[in-house]
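Engineer: The structure under discussion is supplied below as structure tokens; questions concerning it will follow.
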Amino acid sequence: MSATDPAAGGGRFELSGGTLALDFANSWGDRRRPESDRLGDYAALLAFACEAGLLDRRQAARLARRARGAPAEAARAYAAARGLRDALYRVFSAQARGRRVDSADIAQVNAALQEALPHLRVARRGGAYAWDWDDGGGEPLAAPLRPIARSAAELLTSGDLARVRECDGAACTWLFLDQSRNRSRRWCSMESCGNRAKARRHYHRSRAAGA
Ligand SMILES: [Zn+2]
């Protein structure tokens, strides 16, 4: 695997939101810093889909090839991806902050859902049946958005909705599912935002104490 292979390990997306819809929203790490947006083009959408396990390498390569031959469709699929991603951020950020969710954003999720659901099916896998997406080889370039729309609908209608949080980090708009027992998690990850916040508090406390 080469470093530019979208299916290569150690990818560019951090999938720590706890569910697909939040991971996709988190492809822009801090809404105040455009440079933290990792969904830069259609190829980045395919890279996300590979890292999240929505596409295998063969499917991603096929869509990448088709996108090169149909730049206008690729541009539309990319615009749809950004539109859905940003609607998901607004919906779940508002939910996490106890603010009113804009019905236009829910309408956008529903539009993606309506496109997606006719392609849902059951398939036999390893002696059992599982949800799957039809894969006739002629999927539109926006097909990776289908499971994301379904994930968003499942989260919206599940008890986990009350567990959606937005990171308290000063330079972070990461969304995550708080699975802690007492629902007290405040940071996307203790290693990055949590430790930065603790170091800052320690610094301020030390200064207040005249240290
Ligand atoms: Zn954070």
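By convention here, the chains of the structure tokens are called A, B, ... in the order presented, each chain's residues are numbered starting at 1, and ligands are numbered starting at 1 in the order presented.
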Counting only C-alpha atoms and all ligand atoms, what are the residues, protein, DNA or RNA alike, that approach ligand 1 to within 10 Å? I want them as a PyMOL selection string.
Structural biologist: chain A and resi 29-30+166-176+186-194+196-197
Engineer: Based on the selection just made, write N, CA, C and O atoms of those residues as an mmCIF file, in the first residue's frame.
Structural biologist:
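The result, stored in again38.cif:
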data_model
loop_
_atom_site.group_PDB
_atom_site.id
_atom_site.type_symbol
_atom_site.label_atom_id
_atom_site.label_comp_id
_atom_site.auth_asym_id
_atom_site.auth_seq_id
_atom_site.Cartn_x
_atom_site.Cartn_y
_atom_site.Cartn_z
ATOM 1 N N GLY A 29 -12.521 19.283 11.853
ATOM 2 C CA GLY A 29 -12.221 19.166 13.275
ATOM 3 C C GLY A 29 -12.566 20.392 14.096
ATOM 4 O O GLY A 29 -12.969 20.284 15.242
ATOM 5 N N ASP A 30 -12.376 21.577 13.511
ATOM 6 C CA ASP A 30 -12.682 22.811 14.231
ATOM 7 C C ASP A 30 -13.297 23.789 13.231
ATOM 8 O O ASP A 30 -12.622 24.270 12.320
ATOM 9 N N GLU A 166 -20.486 17.828 22.350
ATOM 10 C CA GLU A 166 -19.497 18.539 21.539
ATOM 11 C C GLU A 166 -18.315 18.840 22.448
ATOM 12 O O GLU A 166 -18.493 19.278 23.595
ATOM 13 N N CYS A 167 -17.121 18.588 21.942
ATOM 14 C CA CYS A 167 -15.903 18.729 22.753
ATOM 15 C C CYS A 167 -15.798 20.125 23.361
ATOM 16 O O CYS A 167 -16.094 21.122 22.710
ATOM 17 N N ASP A 168 -15.353 20.183 24.598
ATOM 18 C CA ASP A 168 -15.150 21.456 25.287
ATOM 19 C C ASP A 168 -13.813 22.106 24.928
ATOM 20 O O ASP A 168 -13.500 23.182 25.426
ATOM 21 N N GLY A 169 -13.008 21.432 24.114
ATOM 22 C CA GLY A 169 -11.712 21.983 23.719
ATOM 23 C C GLY A 169 -11.869 23.345 23.055
ATOM 24 O O GLY A 169 -12.830 23.584 22.321
ATOM 25 N N ALA A 170 -10.917 24.225 23.326
ATOM 26 C CA ALA A 170 -11.020 25.600 22.835
ATOM 27 C C ALA A 170 -10.940 25.654 21.309
ATOM 28 O O ALA A 170 -11.544 26.515 20.678
ATOM 29 N N ALA A 171 -10.186 24.759 20.696
ATOM 30 C CA ALA A 171 -10.035 24.759 19.243
ATOM 31 C C ALA A 171 -10.513 23.428 18.685
ATOM 32 O O ALA A 171 -9.820 22.755 17.945
ATOM 33 N N CYS A 172 -11.731 23.047 19.039
ATOM 34 C CA CYS A 172 -12.228 21.733 18.651
ATOM 35 C C CYS A 172 -13.748 21.740 18.638
ATOM 36 O O CYS A 172 -14.374 22.183 19.605
ATOM 37 N N THR A 173 -14.342 21.329 17.517
ATOM 38 C CA THR A 173 -15.810 21.220 17.457
ATOM 39 C C THR A 173 -16.196 19.762 17.191
ATOM 40 O O THR A 173 -17.124 19.470 16.469
ATOM 41 N N TRP A 174 -15.406 18.866 17.801
ATOM 42 C CA TRP A 174 -15.602 17.432 17.617
ATOM 43 C C TRP A 174 -16.871 16.975 18.333
ATOM 44 O O TRP A 174 -17.104 17.346 19.481
ATOM 45 N N LEU A 175 -17.643 16.132 17.659
ATOM 46 C CA LEU A 175 -18.838 15.549 18.267
ATOM 47 C C LEU A 175 -18.552 14.101 18.646
ATOM 48 O O LEU A 175 -17.828 13.405 17.933
ATOM 49 N N PHE A 176 -19.095 13.659 19.745
ATOM 50 C CA PHE A 176 -18.871 12.266 20.147
ATOM 51 C C PHE A 176 -20.038 11.780 20.993
ATOM 52 O O PHE A 176 -20.827 12.576 21.524
ATOM 53 N N ARG A 186 -16.129 15.232 28.671
ATOM 54 C CA ARG A 186 -16.179 16.590 28.131
ATOM 55 C C ARG A 186 -15.322 16.782 26.891
ATOM 56 O O ARG A 186 -15.502 17.752 26.159
ATOM 57 N N TRP A 187 -14.351 15.898 26.685
ATOM 58 C CA TRP A 187 -13.422 16.107 25.583
ATOM 59 C C TRP A 187 -13.466 14.956 24.599
ATOM 60 O O TRP A 187 -13.726 13.809 24.992
ATOM 61 N N CYS A 188 -13.151 15.287 23.337
ATOM 62 C CA CYS A 188 -13.143 14.247 22.314
ATOM 63 C C CYS A 188 -12.129 13.180 22.702
ATOM 64 O O CYS A 188 -12.392 12.005 22.583
ATOM 65 N N SER A 189 -10.964 13.600 23.179
ATOM 66 C CA SER A 189 -9.987 12.625 23.662
ATOM 67 C C SER A 189 -9.136 13.266 24.733
ATOM 68 O O SER A 189 -8.784 14.442 24.651
ATOM 69 N N MET A 190 -8.851 12.498 25.761
ATOM 70 C CA MET A 190 -8.053 12.996 26.872
ATOM 71 C C MET A 190 -6.643 13.330 26.391
ATOM 72 O O MET A 190 -6.011 14.261 26.881
ATOM 73 N N GLU A 191 -6.145 12.562 25.401
ATOM 74 C CA GLU A 191 -4.765 12.744 24.928
ATOM 75 C C GLU A 191 -4.583 14.125 24.310
ATOM 76 O O GLU A 191 -3.572 14.774 24.492
ATOM 77 N N SER A 192 -5.590 14.579 23.540
ATOM 78 C CA SER A 192 -5.403 15.869 22.873
ATOM 79 C C SER A 192 -6.103 16.978 23.653
ATOM 80 O O SER A 192 -5.490 17.677 24.459
ATOM 81 N N CYS A 193 -7.402 17.114 23.496
ATOM 82 C CA CYS A 193 -8.098 18.264 24.085
ATOM 83 C C CYS A 193 -8.110 18.222 25.613
ATOM 84 O O CYS A 193 -7.948 19.260 26.251
ATOM 85 N N GLY A 194 -8.315 17.052 26.214
ATOM 86 C CA GLY A 194 -8.396 16.967 27.671
ATOM 87 C C GLY A 194 -7.110 17.415 28.328
ATOM 88 O O GLY A 194 -7.113 18.220 29.267
ATOM 89 N N ARG A 196 -4.735 19.285 27.041
ATOM 90 C CA ARG A 196 -4.498 20.716 26.791
ATOM 91 C C ARG A 196 -5.279 21.550 27.793
ATOM 92 O O ARG A 196 -4.772 22.496 28.370
ATOM 93 N N ALA A 197 -6.560 21.180 28.018
ATOM 94 C CA ALA A 197 -7.394 21.946 28.946
ATOM 95 C C ALA A 197 -6.853 21.839 30.365
ATOM 96 O O ALA A 197 -6.828 22.814 31.112
#
Engineer: From the DSSP assignment of the backbone, select every residue of region 123-164 of chain A that is strand (DSSP E or B), and format the answer as a list in words.
Structural biologist: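 The residues of region 123-164 of chain A classed as strand (DSSP E or B) are Ala123, Arg124, Arg125, Ala128, Tyr129, Ala130, Trp131, Asp132, Trp133 and Val164 of chain A.
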Engineer: I'd like the contact shell of Ala112 (chain A) - 8 Å cut-off, only C-alpha atoms, skipping same-chain residues fewer than 6 positions apart - returned as a list in words.
Structural biologist: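 So, after excluding close chain neighbours, the residues are Leu84, Leu145, Arg146 and Ala149 of chain A.
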Engineer: Can you spit out the residues from that selection as a CSV table (one decimal), in the first residue's frame, using N, CA, C and O atoms?
Structural biologist:
chain,number,residue,atom,x,y,z
A,84,LEU,N,-24.5,17.5,3.4
A,84,LEU,CA,-25.0,16.6,4.4
A,84,LEU,C,-24.1,16.7,5.7
A,84,LEU,O,-24.6,16.7,6.8
A,145,LEU,N,-22.7,8.3,0.7
A,145,LEU,CA,-23.5,9.1,1.6
A,145,LEU,C,-24.7,8.3,2.2
A,145,LEU,O,-25.3,8.7,3.2
A,146,ARG,N,-25.0,7.2,1.5
A,146,ARG,CA,-26.2,6.5,1.9
A,146,ARG,C,-26.1,5.9,3.3
A,146,ARG,O,-27.0,6.2,4.2
A,149,ALA,N,-26.3,8.7,5.9
A,149,ALA,CA,-27.7,9.2,6.2
A,149,ALA,C,-28.4,8.3,7.1
A,149,ALA,O,-29.1,8.7,8.0
Engineer: Quick one: of A:Asp37, A:Glu139, A:Asp23, A:Asp86, who's nearest to Ala64 (chain A), counting only C-alpha atoms?
Structural biologist: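 Ranking A:Asp37, A:Glu139, A:Asp23, A:Asp86 by distance to Ala64 (chain A), first place goes to A:Glu139.
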Engineer: For Ala25 (chain A), which residue out of A:Ile148, A:Leu117, A:Leu46, A:Leu54 is the nearest one, using only C-alpha atoms?
Structural biologist: A:Ile148
